Each structure stands twice: as structure tokens, then as C-alpha cells.
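Structure file data16.cif (mmCIF, C-alpha atoms (C1' of nucleotides)) is printed below.
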data_model
#
loop_
_atom_site.label_atom_id
_atom_site.label_comp_id
_atom_site.auth_asym_id
_atom_site.auth_seq_id
_atom_site.Cartn_x
_atom_site.Cartn_y
_atom_site.Cartn_z
CA MET A 28 -54.70 144.90 177.03
CA SER A 29 -55.09 147.33 174.14
CA GLY A 30 -51.66 148.35 173.10
CA ASP A 31 -51.86 152.10 172.67
CA VAL A 32 -49.54 152.97 175.51
CA GLY A 33 -47.10 155.80 175.47
CA ASP A 34 -44.53 154.12 177.72
CA PRO A 35 -44.03 150.49 176.85
CA GLY A 36 -40.98 150.48 179.10
CA LEU A 37 -42.91 150.91 182.32
CA LYS A 38 -45.32 148.15 183.15
CA LEU A 39 -46.47 148.17 186.73
CA ASP A 40 -46.73 144.39 186.97
CA SER A 41 -43.10 143.95 186.09
CA TYR A 42 -41.77 146.97 187.96
CA LEU A 43 -39.55 145.60 190.67
CA PRO A 44 -40.21 148.10 193.48
CA TYR A 45 -43.91 147.52 193.01
CA ARG A 46 -43.58 143.75 193.02
CA LEU A 47 -41.37 143.92 196.07
CA SER A 48 -43.79 146.14 197.96
CA VAL A 49 -46.82 144.04 197.14
CA ALA A 50 -45.12 140.80 198.09
CA SER A 51 -43.77 142.26 201.30
CA ASN A 52 -47.15 143.66 202.28
CA ALA A 53 -48.80 140.31 201.70
CA VAL A 54 -46.22 138.46 203.79
CA SER A 55 -45.97 141.09 206.52
CA GLY A 56 -49.72 141.29 206.82
CA LEU A 57 -49.97 137.56 207.26
CA ILE A 58 -47.25 137.42 209.90
CA ALA A 59 -48.39 140.54 211.70
CA ARG A 60 -51.91 139.21 212.01
CA ALA A 61 -50.64 135.95 213.44
CA TYR A 62 -48.60 137.68 216.14
CA GLU A 63 -51.28 140.20 216.89
CA ASP A 64 -54.16 137.78 217.14
CA ARG A 65 -52.50 135.08 219.16
CA PHE A 66 -49.98 136.88 221.31
CA ALA A 67 -50.93 140.57 221.22
CA LEU A 68 -47.50 141.44 219.85
CA THR A 69 -46.72 143.99 217.19
CA VAL A 70 -44.05 143.18 214.64
CA PRO A 71 -41.54 145.60 216.22
CA GLN A 72 -42.15 144.02 219.62
CA TRP A 73 -41.60 140.59 218.16
CA ARG A 74 -38.35 141.74 216.58
CA LEU A 75 -37.13 143.02 219.91
CA LEU A 76 -37.86 139.67 221.51
CA CYS A 77 -35.92 137.99 218.70
CA VAL A 78 -32.79 140.08 218.86
CA LEU A 79 -32.73 139.93 222.65
CA ALA A 80 -33.13 136.17 222.50
CA GLU A 81 -30.27 136.01 220.04
CA ASP A 82 -27.87 138.55 221.44
CA GLY A 83 -28.68 138.73 225.13
CA ARG A 84 -28.23 142.27 226.43
CA LEU A 85 -28.64 145.26 224.14
CA SER A 86 -29.25 148.96 224.44
CA GLN A 87 -31.86 150.58 222.26
CA VAL A 88 -29.31 152.14 219.94
CA GLN A 89 -27.78 148.75 219.46
CA ILE A 90 -31.20 147.39 218.58
CA VAL A 91 -31.74 150.23 216.14
CA ALA A 92 -28.44 149.36 214.48
CA ARG A 93 -29.13 145.64 214.55
CA THR A 94 -32.62 145.77 213.14
CA VAL A 95 -33.44 148.54 210.69
CA MET A 96 -36.20 150.04 212.79
CA ASP A 97 -36.64 153.66 213.77
CA LYS A 98 -35.55 154.62 217.26
CA VAL A 99 -39.07 155.81 218.08
CA THR A 100 -40.46 152.47 217.03
CA VAL A 101 -37.92 150.71 219.21
CA SER A 102 -38.72 152.97 222.14
CA ARG A 103 -42.46 152.34 221.90
CA ALA A 104 -42.01 148.62 221.41
CA ALA A 105 -39.74 148.46 224.47
CA GLN A 106 -42.25 150.36 226.59
CA GLY A 107 -44.98 147.91 225.73
CA LEU A 108 -42.78 144.92 226.47
CA VAL A 109 -41.63 146.36 229.79
CA LYS A 110 -45.23 146.96 230.79
CA ARG A 111 -46.00 143.31 230.11
CA ARG A 112 -42.88 142.22 232.01
CA LEU A 113 -41.50 140.48 228.93
CA ILE A 114 -38.28 142.47 229.03
CA GLY A 115 -36.44 144.32 231.76
CA ARG A 116 -34.40 147.50 231.67
CA SER A 117 -31.38 148.10 233.81
CA GLN A 118 -29.26 151.22 234.07
CA ASN A 119 -26.01 151.09 232.23
CA THR A 120 -23.45 151.77 234.95
CA SER A 121 -20.98 153.32 232.55
CA ASP A 122 -23.45 155.56 230.75
CA GLY A 123 -26.38 157.06 232.59
CA ARG A 124 -28.31 157.75 229.43
CA SER A 125 -28.56 154.27 228.09
CA HIS A 126 -30.58 151.42 229.48
CA VAL A 127 -29.80 147.80 228.87
CA LEU A 128 -32.68 145.60 227.75
CA THR A 129 -32.87 141.91 228.54
CA LEU A 130 -35.51 139.23 228.28
CA THR A 131 -37.28 138.26 231.47
CA PRO A 132 -37.99 134.58 231.96
CA GLU A 133 -41.53 135.28 230.76
CA GLY A 134 -40.17 136.95 227.66
CA ARG A 135 -37.86 134.08 227.00
CA GLY A 136 -40.72 131.68 227.43
CA LEU A 137 -42.94 133.60 225.04
CA HIS A 138 -40.18 133.75 222.47
CA ALA A 139 -39.64 130.02 222.77
CA GLU A 140 -43.34 129.53 222.31
CA ILE A 141 -43.65 131.70 219.22
CA ALA A 142 -40.43 130.78 217.44
CA PRO A 143 -41.69 127.44 216.13
CA LEU A 144 -44.79 129.15 214.80
CA ALA A 145 -42.68 131.76 213.06
CA LEU A 146 -40.53 129.08 211.50
CA ALA A 147 -43.63 127.19 210.42
CA TYR A 148 -44.92 130.26 208.65
CA GLU A 149 -41.64 130.70 206.88
CA ALA A 150 -41.62 127.05 205.91
CA ALA A 151 -45.14 127.32 204.53
CA LEU A 152 -44.21 130.40 202.53
CA ILE A 153 -41.20 128.81 200.90
CA ALA A 154 -42.76 125.39 200.55
CA GLY A 155 -42.79 125.58 196.77
CA LEU A 156 -39.25 126.88 196.46
CA ALA A 157 -36.03 125.00 196.09
CA PRO A 158 -33.48 125.58 198.87
CA GLU A 159 -31.05 127.22 196.47
CA GLU A 160 -33.84 129.51 195.31
CA VAL A 161 -34.40 130.62 198.88
CA THR A 162 -30.71 131.24 199.36
CA LEU A 163 -30.54 133.26 196.18
CA LEU A 164 -33.66 135.20 197.11
CA LYS A 165 -32.15 136.25 200.42
CA ARG A 166 -28.95 137.30 198.75
CA LEU A 167 -30.78 139.32 196.13
CA LEU A 168 -32.88 141.01 198.80
CA GLY A 169 -29.70 141.97 200.60
CA ARG A 170 -28.26 143.44 197.44
CA LEU A 171 -31.39 145.48 196.79
CA GLN A 172 -31.36 146.74 200.35
CA SER A 173 -27.76 147.91 200.19
CA ALA A 174 -28.27 149.43 196.75
CA ALA A 175 -31.25 151.38 198.06
CA GLY A 176 -29.22 152.48 201.04
CA GLN A 177 -26.43 153.75 198.84
CA LEU A 178 -28.79 155.57 196.52
CA ALA A 179 -30.54 157.18 199.48
CA GLY A 180 -27.25 158.18 201.02
CA GLU A 181 -25.95 159.78 197.87
CA ALA A 182 -28.92 162.14 197.89
CA PRO A 183 -28.46 163.41 194.33
CA SER A 184 -30.88 166.31 194.68
CA SER A 185 -30.33 167.52 198.22
CA PRO A 186 -26.74 168.18 199.19
CA SER A 187 -27.72 169.64 202.56
CA LEU A 188 -29.40 167.11 204.76
CA ARG A 189 -29.74 169.37 207.73
CA MET B 29 -24.38 134.85 230.34
CA SER B 30 -23.11 133.77 226.97
CA GLY B 31 -25.27 132.96 224.02
CA ASP B 32 -27.83 130.93 225.88
CA VAL B 33 -30.18 130.75 222.97
CA GLY B 34 -32.89 128.17 223.00
CA ASP B 35 -33.72 128.47 219.33
CA PRO B 36 -30.78 128.17 217.02
CA GLY B 37 -33.26 127.71 214.19
CA LEU B 38 -34.57 131.26 214.34
CA LYS B 39 -32.01 133.85 213.37
CA LEU B 40 -33.54 137.18 212.54
CA ASP B 41 -31.01 137.99 209.86
CA SER B 42 -31.87 134.91 207.89
CA TYR B 43 -35.60 134.98 208.55
CA LEU B 44 -37.21 135.53 205.20
CA PRO B 45 -40.21 137.67 206.19
CA TYR B 46 -37.83 139.98 208.02
CA ARG B 47 -35.41 140.22 205.13
CA LEU B 48 -38.25 140.86 202.76
CA SER B 49 -39.72 143.61 204.92
CA VAL B 50 -36.42 145.34 205.46
CA ALA B 51 -35.50 145.28 201.78
CA SER B 52 -38.94 146.48 200.75
CA ASN B 53 -38.88 149.32 203.27
CA ALA B 54 -35.50 150.46 202.02
CA VAL B 55 -36.59 150.42 198.40
CA SER B 56 -40.04 151.88 199.02
CA GLY B 57 -38.60 154.63 201.15
CA LEU B 58 -36.17 155.58 198.44
CA ILE B 59 -38.82 155.63 195.72
CA ALA B 60 -41.44 157.32 197.85
CA ARG B 61 -39.06 160.12 198.75
CA ALA B 62 -38.22 160.68 195.11
CA TYR B 63 -41.87 160.99 194.09
CA GLU B 64 -42.78 163.05 197.11
CA ASP B 65 -39.92 165.50 196.94
CA ARG B 66 -39.90 166.15 193.26
CA PHE B 67 -43.51 165.75 192.18
CA ALA B 68 -45.59 165.88 195.37
CA LEU B 69 -47.01 162.45 194.63
CA THR B 70 -47.68 159.67 197.09
CA VAL B 71 -46.95 156.13 196.04
CA PRO B 72 -50.65 155.24 195.68
CA GLN B 73 -51.14 158.33 193.50
CA TRP B 74 -48.22 157.30 191.34
CA ARG B 75 -49.64 153.82 190.99
CA LEU B 76 -52.94 155.25 189.80
CA LEU B 77 -51.15 157.30 187.18
CA CYS B 78 -49.34 154.16 186.04
CA VAL B 79 -52.34 151.90 185.68
CA LEU B 80 -54.34 154.62 183.96
CA ALA B 81 -51.46 155.25 181.59
CA GLU B 82 -51.32 151.56 180.86
CA ASP B 83 -54.97 150.61 180.72
CA GLY B 84 -56.73 153.83 179.78
CA ARG B 85 -60.13 154.08 181.50
CA LEU B 86 -60.75 152.32 184.78
CA SER B 87 -63.22 152.50 187.64
CA GLN B 88 -61.93 152.48 191.18
CA VAL B 89 -62.93 148.87 191.77
CA GLN B 90 -61.01 147.91 188.70
CA ILE B 91 -58.00 149.73 190.06
CA VAL B 92 -58.39 147.98 193.39
CA ALA B 93 -58.41 144.65 191.56
CA ARG B 94 -55.53 145.63 189.31
CA THR B 95 -53.23 146.93 191.98
CA VAL B 96 -53.39 145.39 195.42
CA MET B 97 -54.36 148.59 197.19
CA ASP B 98 -57.22 149.13 199.58
CA LYS B 99 -60.29 150.86 198.18
CA VAL B 100 -59.95 153.65 200.73
CA THR B 101 -56.39 154.24 199.59
CA VAL B 102 -57.55 154.34 195.99
CA SER B 103 -60.36 156.73 196.84
CA ARG B 104 -58.09 159.20 198.57
CA ALA B 105 -55.39 158.97 195.94
CA ALA B 106 -58.00 159.66 193.26
CA GLN B 107 -59.33 162.69 195.17
CA GLY B 108 -55.89 164.20 195.33
CA LEU B 109 -55.25 163.61 191.65
CA VAL B 110 -58.61 165.06 190.63
CA LYS B 111 -57.89 168.14 192.71
CA ARG B 112 -54.64 168.62 190.83
CA ARG B 113 -56.37 168.00 187.49
CA LEU B 114 -54.11 165.07 186.76
CA ILE B 115 -57.03 162.71 186.29
CA GLY B 116 -60.66 163.23 185.43
CA ARG B 117 -63.76 161.42 186.59
CA SER B 118 -66.77 160.90 184.39
CA GLN B 119 -70.08 159.31 185.30
CA ASN B 120 -70.50 155.81 184.09
CA THR B 121 -73.67 155.99 182.01
CA SER B 122 -74.60 152.39 182.66
CA ASP B 123 -73.98 152.50 186.41
CA GLY B 124 -74.65 155.65 188.36
CA ARG B 125 -72.50 154.55 191.28
CA SER B 126 -69.25 154.12 189.49
CA HIS B 127 -67.06 156.81 188.06
CA VAL B 128 -64.58 156.25 185.30
CA LEU B 129 -61.10 157.62 185.84
CA THR B 130 -58.87 158.76 183.00
CA LEU B 131 -55.65 160.69 182.71
CA THR B 132 -55.92 164.32 181.71
CA PRO B 133 -53.28 165.62 179.29
CA GLU B 134 -51.48 167.05 182.31
CA GLY B 135 -51.59 163.67 184.02
CA ARG B 136 -50.32 161.95 180.93
CA GLY B 137 -47.54 164.50 180.67
CA LEU B 138 -46.53 164.06 184.29
CA HIS B 139 -46.50 160.31 183.90
CA ALA B 140 -44.33 160.59 180.81
CA GLU B 141 -42.01 162.83 182.78
CA ILE B 142 -41.69 160.54 185.78
CA ALA B 143 -41.57 157.18 184.01
CA PRO B 144 -37.93 157.52 182.88
CA LEU B 145 -36.94 158.46 186.40
CA ALA B 146 -38.77 155.45 187.81
CA LEU B 147 -37.06 153.18 185.32
CA ALA B 148 -33.71 154.76 186.16
CA TYR B 149 -34.24 154.00 189.84
CA GLU B 150 -35.10 150.42 189.03
CA ALA B 151 -32.04 150.15 186.79
CA ALA B 152 -29.82 151.53 189.54
CA LEU B 153 -31.26 149.09 192.05
CA ILE B 154 -30.67 146.04 189.90
CA ALA B 155 -27.38 147.27 188.47
CA GLY B 156 -25.38 144.56 190.18
CA LEU B 157 -27.75 141.75 189.26
CA ALA B 158 -27.72 139.50 186.23
CA PRO B 159 -30.87 139.67 184.08
CA GLU B 160 -31.79 136.10 184.88
CA GLU B 161 -31.42 136.89 188.56
CA VAL B 162 -33.93 139.70 188.19
CA THR B 163 -36.34 137.45 186.37
CA LEU B 164 -36.02 134.82 189.03
CA LEU B 165 -36.42 137.40 191.78
CA LYS B 166 -39.70 138.61 190.33
CA ARG B 167 -40.96 135.08 189.96
CA LEU B 168 -40.05 134.22 193.53
CA LEU B 169 -41.73 137.35 194.83
CA GLY B 170 -44.87 136.35 192.98
CA ARG B 171 -44.77 132.93 194.53
CA LEU B 172 -44.34 134.35 198.02
CA GLN B 173 -47.24 136.71 197.43
CA SER B 174 -49.60 133.99 196.33
CA ALA B 175 -48.45 131.69 199.12
CA ALA B 176 -49.14 134.42 201.65
CA GLY B 177 -52.53 135.04 200.08
CA GLN B 178 -53.45 131.39 200.30
CA LEU B 179 -52.29 131.11 203.89
CA ALA B 180 -54.31 134.19 204.76
CA GLY B 181 -57.35 132.44 203.43
CA GLU B 182 -57.73 134.51 200.35
CA ALA B 183 -57.94 133.37 196.81
CA PRO B 184 -54.90 134.35 194.77
CA SER B 185 -55.32 138.03 194.26
CA SER B 186 -54.70 138.25 190.54
CA PRO B 187 -55.39 135.71 187.82
CA SER B 188 -52.41 136.99 185.86
CA LEU B 189 -49.75 135.56 188.12
CA ARG B 190 -47.05 134.32 185.92
"C1'" DC C 1 -13.76 174.02 235.63
"C1'" DT C 2 -16.93 175.76 232.08
"C1'" DG C 3 -19.35 176.19 227.88
"C1'" DC C 4 -20.44 173.64 223.45
"C1'" DA C 5 -21.40 169.90 220.59
"C1'" DT C 6 -22.88 165.07 220.53
"C1'" DT C 7 -25.53 161.16 221.87
"C1'" DA C 8 -29.45 158.12 224.16
"C1'" DA C 9 -33.95 158.22 224.67
"C1'" DT C 10 -38.63 160.23 225.02
"C1'" DT C 11 -42.44 163.20 223.68
"C1'" DA C 12 -45.34 165.78 220.36
"C1'" DG C 13 -47.44 166.71 215.99
"C1'" DA C 14 -48.66 165.49 211.50
"C1'" DT C 15 -49.59 162.01 208.14
"C1'" DA C 16 -50.99 157.54 206.36
"C1'" DC C 17 -53.29 153.33 206.74
"C1'" DC C 18 -56.81 149.75 207.99
"C1'" DT C 19 -61.27 148.38 209.84
"C1'" DA C 20 -65.97 149.69 210.13
"C1'" DA C 21 -69.81 152.10 209.44
"C1'" DC C 22 -72.39 154.71 206.15
"C1'" DT C 23 -74.71 156.57 201.66
"C1'" DA C 24 -76.45 155.80 197.33
"C1'" DA C 25 -77.34 153.10 193.24
"C1'" DT C 26 -78.25 148.54 191.31
"C1'" DT C 27 -79.77 143.83 191.11
"C1'" DA C 28 -82.31 139.90 192.69
"C1'" DT C 29 -86.44 137.96 194.60
"C1'" DG C 30 -90.92 137.40 196.18
"C1'" DC D 20 -93.51 146.39 191.85
"C1'" DA D 21 -91.85 146.38 196.35
"C1'" DT D 22 -88.33 145.09 199.21
"C1'" DA D 23 -84.13 142.77 200.49
"C1'" DA D 24 -79.39 142.00 199.35
"C1'" DT D 25 -75.16 143.67 196.76
"C1'" DT D 26 -72.05 146.77 195.13
"C1'" DA D 27 -69.34 151.46 194.36
"C1'" DG D 28 -67.56 154.76 196.82
"C1'" DT D 29 -66.91 157.96 200.90
"C1'" DT D 30 -66.42 159.19 205.69
"C1'" DA D 31 -64.91 158.31 210.48
"C1'" DG D 32 -62.13 156.42 214.24
"C1'" DG D 33 -58.31 154.20 216.04
"C1'" DT D 34 -53.61 152.93 215.52
"C1'" DA D 35 -48.92 152.96 213.75
"C1'" DT D 36 -45.18 155.50 211.91
"C1'" DC D 37 -42.11 159.28 210.53
"C1'" DT D 38 -40.14 163.89 211.38
"C1'" DA D 39 -38.94 167.38 214.78
"C1'" DA D 40 -38.26 169.15 218.96
"C1'" DT D 41 -36.99 168.14 223.88
"C1'" DT D 42 -34.60 166.26 227.99
"C1'" DA D 43 -30.74 164.37 230.08
"C1'" DA D 44 -26.10 162.61 230.15
"C1'" DT D 45 -21.41 162.47 228.12
"C1'" DG D 46 -17.11 164.15 225.94
"C1'" DC D 47 -14.19 167.70 224.49
"C1'" DA D 48 -12.00 172.33 223.87
"C1'" DG D 49 -10.42 176.26 225.91
#

Show me this structure written as C-alpha cells.
Amino acid sequence: MSGDVGDPGLKLDSYLPYRLSVASNAVSGLIARAYEDRFALTVPQWRLLCVLAEDGRLSQVQIVARTVMDKVTVSRAAQGLVKRRLIGRSQNTSDGRSHVLTLTPEGRGLHAEIAPLALAYEAALIAGLAPEEVTLLKRLLGRLQSAAGQLAGEAPSSPSLR
Amino acid sequence: MSGDVGDPGLKLDSYLPYRLSVASNAVSGLIARAYEDRFALTVPQWRLLCVLAEDGRLSQVQIVARTVMDKVTVSRAAQGLVKRRLIGRSQNTSDGRSHVLTLTPEGRGLHAEIAPLALAYEAALIAGLAPEEVTLLKRLLGRLQSAAGQLAGEAPSSPSLR
DNA sequence: CTGCATTAATTAGATACCTAACTAATTATG
DNA sequence: CATAATTAGTTAGGTATCTAATTAATGCAG
């Protein structure tokens, strides 16, 4: 607390990327542990179950575009889910490279079982927040995400990305 | 096979832990790349430089308490910084186990060099946000963090949660 | 029809992180 | 004062993730 600091403008506790990372790690760790302990699912696997439950049939590239996960992460998550018979893969008749992923009945059942738990966690996390605060929070997170994406895409220091 | 979705209440895009994770990954990735590319610093190393620049002399346990990093992460970050002569370690005379970390002049200089860049990134990220939105965002992130900590069974990690 | 670039997906290697186990120094307790 | 219990810090092992390189299928130019 002694004030002899050369950079009064940079305080870690009020630095937004730091606050965002710490909060996200706390929340993600909580959720990840819940899925892992009770259902032996990783977070990427759970996300696959969610998007397939929402959208029906998707290829892996579509999942990569839909979520913001790496294609390797999606590939590994899909392998694990196929092995547990929670999703199925069928050949895409029009494109021999891509496989279409769908939930099996077991996968659908597991998703239906976990979804209330996931919503309960979310409800517990935002219990102290007003609904309009939650709405604003989500909007602000979206703005930060797109701002980060733009800044990363501009690549001020490296004009050649290949 | 239209949208036969059993859980209209769980939409991934509006699920807060997901939004938080995606936004944090985007921002962290941007920042991490900047530190890594230009200064060969990992994020934990940068955080050590920051807290030492702010607080002066700290032991590793104090840094663990101050930031929310794991002690292993702190240990390795400190090793790398010592090797580059950016921080120094001195024996604590009153406790032979603990070492006191301080910035070297080089470390202080590097911190002073990076800090404006870090602040510029933050400014670019929040460029489209009103100041009161930023304030609210930080407060909401703090609330989520402490809520997650409580749900995980921990005590609130830092007494200075404002 | 044939090469050439692109795309979907997997595999491999390197790095980072977390949980545990471990060493060494300190404190508490009998 | 001896010994057990804590604490500071490091090392090790397993796992997850990112970057690159690879395989296989598609589309396009000549």
C-alpha cells in the first residue's frame, strides 16, 4: 500500500484483462469440475453435446464456427463422445471428407440430464445480480470479444501471417 | 428432424459461463501473444512484474495470495525471470524457507516499457464502452468470481473485493 | 483429363497447467 | 529438547491445448 510506484496508471486489480481472466478461471473451474466429477465430460465435450442438442446435425467445421473452439479440440472431443456412444458420425454423401455428427439417444438423454444442473449453476452464479445487469454483462462480454477479435486480426506488428 | 430440442432454457450463446470463457479466451489470447511476441514474457511472468512493481518486495506465497495463480505457476514464472535478471531473490533473514522477490533495474525498466502498451490494449478493448459500463463490468466480474469461489467451497479469495 | 490449390479432419510435437508428492525450514507440543 | 505438524518452495507425472505437418477429398484452371 506504500505509494512509491512508478506507474500509477497500471494497477493489476483494476486491469480489465486480468479481472476477466481471473473471473473466467474461477467460473470455468467450478463448471468444469462439476461436469468432470459427475459425468466424466470435459468442457469441450459438453459444448458439443449442447450445440448438437440445439442445432441437430453439424459437421466439425460447423461446430468450430459455432463455438469458438479449436478444430483439434473439437476433433478430440468428438472422438471421446463417439467412443462413449453419445454421438454418432455419418458420412456426408455430398462431401466425402466431412462427417456429420448427431446426438444418439443416449447423448440426448445425458444432455437432458445435465442441462438443469448447468442452468442451476448459472442461476447460482448470477443470484446476486439484477436481470438487467446480467443482460448488460453479456452484451459487454460480446463487445470485448469482438474488439479482441478485431485487434488480433489487424495484427499491427506482423503483416505476414503465413 | 427439425429443432426437436428438449431444453429451450439452455442456449449456449446466452449461457453466461460460456460467454465469459469465450470472451476471456479472446482477450487473453490477444494479450498473451503481444507479451510473448514482443518481450518473450508469459502472462504469469508479466503478472509477477506487475505486482512487484506495485508492491515492492514480496515472497512467493504473498504473490500467490495477491494474484490468483497457483504456487507452481508462480515458482516457474519466478525462475524464468531470475534467469533473465529481471527479478532478484534474496534470503529472508527471519525465515530461511522463504525468498523475497524484487524487481531489478532491468525488470523495472521492462515493466515501465510494457505498461503503456498494456494500458493501450485495455483502452482499445473498452473503446466502445462508456466509463460507467466499464466500472459496472469490473464489479460484476468480481461478484461472479466470489460467487464461484463460494460455490466451490472456498472462502472468498481476496479480502479486498470491492 | 490432369496438375494445383483449398478444405475437412487427424496426428505429432512442444508447451503449459494442475494435482501430488517431496525437501527443507519453522513452529507447536509433549 | 525432542518430535510431530505446518509451511515455503520445488520437482514430477498426467492431461489438455496450441501450432505444424499430414492425409484425403474437392474444386478449378489449363

Practice task
Please write the residues picked by the PyMOL selection byres ((chain B and resi 99) around 12) on this file as a ChimeraX atom specification.
Solution key: /B:72,76,87-98,100-106 /C:17-19 /D:27-29

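Put simply, atom CA of B:Ala152 is 27.3 Å away from atom CA of A:Leu156.
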
Handout entry: Output check: residues returned by the PyMOL selection byres ((chain D) within 8 of (chain A)), as an MDAnalysis selection string
Key = chainID D and resid 36 43:45

Suppose a student applies the PyMOL selection byres ((chain A) within 6 of (chain B)) to this structure; what residues should they get, written as a PDB file with C-alpha atoms, in the frame of the given file?
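Result written to out_13.pdb:
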ATOM      1  CA  VAL A  32     -49.540 152.970 175.510  1.00  0.00           C
ATOM      2  CA  LEU A  47     -41.370 143.920 196.070  1.00  0.00           C
ATOM      3  CA  SER A  48     -43.790 146.140 197.960  1.00  0.00           C
ATOM      4  CA  ALA A  50     -45.120 140.800 198.090  1.00  0.00           C
ATOM      5  CA  SER A  51     -43.770 142.260 201.300  1.00  0.00           C
ATOM      6  CA  ALA A  53     -48.800 140.310 201.700  1.00  0.00           C
ATOM      7  CA  VAL A  54     -46.220 138.460 203.790  1.00  0.00           C
ATOM      8  CA  LEU A 152     -44.210 130.400 202.530  1.00  0.00           C
ATOM      9  CA  LEU A 168     -32.880 141.010 198.800  1.00  0.00           C
ATOM     10  CA  LEU A 171     -31.390 145.480 196.790  1.00  0.00           C
ATOM     11  CA  GLN A 172     -31.360 146.740 200.350  1.00  0.00           C
ATOM     12  CA  ALA A 174     -28.270 149.430 196.750  1.00  0.00           C
ATOM     13  CA  ALA A 175     -31.250 151.380 198.060  1.00  0.00           C
ATOM     14  CA  ALA A 179     -30.540 157.180 199.480  1.00  0.00           C
TER      15      ALA A 179
END

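One finds atom CA of B:Ala148 at 25.7 Å from atom CA of B:Thr130.
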
Written coordinates, N, CA, C and O atoms (P, O5', C5', C4', C3', O3' and C1' of nucleotides) of stretch 31-44 of chain D as a short mmCIF file (atom, residue, chain, number, x, y, z; two decimals), in the first residue's frame:
data_model
loop_
_atom_site.label_atom_id
_atom_site.label_comp_id
_atom_site.auth_asym_id
_atom_site.auth_seq_id
_atom_site.Cartn_x
_atom_site.Cartn_y
_atom_site.Cartn_z
P DA D 31 12.53 -33.82 -10.98
"O5'" DA D 31 11.19 -34.70 -11.05
"C5'" DA D 31 10.47 -34.99 -9.88
"C4'" DA D 31 9.28 -35.87 -10.18
"C3'" DA D 31 9.17 -36.42 -11.60
"O3'" DA D 31 8.47 -37.65 -11.55
"C1'" DA D 31 7.36 -34.98 -11.19
P DG D 32 8.31 -38.55 -12.85
"O5'" DG D 32 6.73 -38.49 -13.10
"C5'" DG D 32 5.84 -38.88 -12.03
"C4'" DG D 32 4.40 -38.80 -12.50
"C3'" DG D 32 4.17 -39.28 -13.93
"O3'" DG D 32 2.91 -39.95 -13.97
"C1'" DG D 32 3.53 -37.02 -13.76
P DG D 33 2.49 -40.74 -15.29
"O5'" DG D 33 1.08 -40.07 -15.61
"C5'" DG D 33 0.17 -39.81 -14.54
"C4'" DG D 33 -0.85 -38.78 -15.01
"C3'" DG D 33 -1.40 -39.03 -16.41
"O3'" DG D 33 -2.81 -38.97 -16.38
"C1'" DG D 33 -0.53 -36.83 -16.25
P DT D 34 -3.65 -39.30 -17.69
"O5'" DT D 34 -4.17 -37.86 -18.11
"C5'" DT D 34 -4.66 -36.97 -17.11
"C4'" DT D 34 -4.86 -35.59 -17.70
"C3'" DT D 34 -5.49 -35.59 -19.11
"O3'" DT D 34 -6.60 -34.71 -19.10
"C1'" DT D 34 -3.57 -34.22 -19.06
P DA D 35 -7.60 -34.65 -20.33
"O5'" DA D 35 -7.38 -33.17 -20.85
"C5'" DA D 35 -7.40 -32.10 -19.91
"C4'" DA D 35 -6.96 -30.82 -20.60
"C3'" DA D 35 -7.53 -30.62 -21.99
"O3'" DA D 35 -7.95 -29.27 -22.13
"C1'" DA D 35 -5.16 -30.54 -22.07
P DT D 36 -8.74 -28.80 -23.40
"O5'" DT D 36 -7.68 -27.86 -24.12
"C5'" DT D 36 -6.83 -27.03 -23.32
"C4'" DT D 36 -5.76 -26.40 -24.19
"C3'" DT D 36 -6.22 -26.16 -25.64
"O3'" DT D 36 -5.91 -24.83 -26.00
"C1'" DT D 36 -4.16 -27.32 -25.60
P DC D 37 -6.49 -24.18 -27.33
"O5'" DC D 37 -5.16 -23.78 -28.12
"C5'" DC D 37 -4.14 -23.04 -27.43
"C4'" DC D 37 -2.86 -23.06 -28.25
"C3'" DC D 37 -3.09 -22.81 -29.73
"O3'" DC D 37 -2.18 -21.84 -30.23
"C1'" DC D 37 -1.92 -24.86 -29.41
P DT D 38 -2.29 -21.42 -31.78
"O5'" DT D 38 -1.03 -22.13 -32.45
"C5'" DT D 38 0.23 -22.07 -31.80
"C4'" DT D 38 1.28 -22.84 -32.59
"C3'" DT D 38 1.22 -22.63 -34.11
"O3'" DT D 38 2.55 -22.58 -34.60
"C1'" DT D 38 0.94 -24.92 -33.61
P DA D 39 2.82 -22.13 -36.12
"O5'" DA D 39 3.54 -23.42 -36.73
"C5'" DA D 39 3.01 -24.67 -36.41
"C4'" DA D 39 3.88 -25.78 -36.89
"C3'" DA D 39 4.00 -25.88 -38.41
"O3'" DA D 39 5.15 -26.65 -38.74
"C1'" DA D 39 2.53 -27.56 -37.58
P DA D 40 5.54 -26.84 -40.29
"O5'" DA D 40 5.13 -28.35 -40.61
"C5'" DA D 40 5.64 -29.39 -39.79
"C4'" DA D 40 4.90 -30.68 -40.06
"C3'" DA D 40 4.79 -31.05 -41.55
"O3'" DA D 40 5.08 -32.42 -41.73
"C1'" DA D 40 2.67 -31.06 -40.55
P DT D 41 5.00 -33.09 -43.17
"O5'" DT D 41 3.63 -33.91 -43.13
"C5'" DT D 41 3.37 -34.76 -42.00
"C4'" DT D 41 2.08 -35.54 -42.21
"C3'" DT D 41 1.84 -36.03 -43.65
"O3'" DT D 41 1.48 -37.39 -43.63
"C1'" DT D 41 -0.04 -34.85 -42.83
P DT D 42 1.34 -38.21 -45.03
"O5'" DT D 42 -0.24 -38.42 -45.15
"C5'" DT D 42 -0.94 -39.10 -44.09
"C4'" DT D 42 -2.43 -39.04 -44.35
"C3'" DT D 42 -2.86 -39.47 -45.76
"O3'" DT D 42 -3.93 -40.39 -45.66
"C1'" DT D 42 -3.79 -37.37 -45.22
P DA D 43 -4.35 -41.27 -46.93
"O5'" DA D 43 -5.72 -40.56 -47.33
"C5'" DA D 43 -6.73 -40.39 -46.34
"C4'" DA D 43 -7.79 -39.44 -46.85
"C3'" DA D 43 -8.23 -39.71 -48.30
"O3'" DA D 43 -9.65 -39.69 -48.33
"C1'" DA D 43 -7.65 -37.44 -48.02
P DA D 44 -10.42 -40.26 -49.60
"O5'" DA D 44 -11.26 -39.00 -50.08
"C5'" DA D 44 -12.18 -38.39 -49.18
"C4'" DA D 44 -12.46 -37.00 -49.64
"C3'" DA D 44 -13.03 -36.89 -51.06
"O3'" DA D 44 -14.28 -36.21 -51.01
"C1'" DA D 44 -11.24 -35.36 -50.74
#
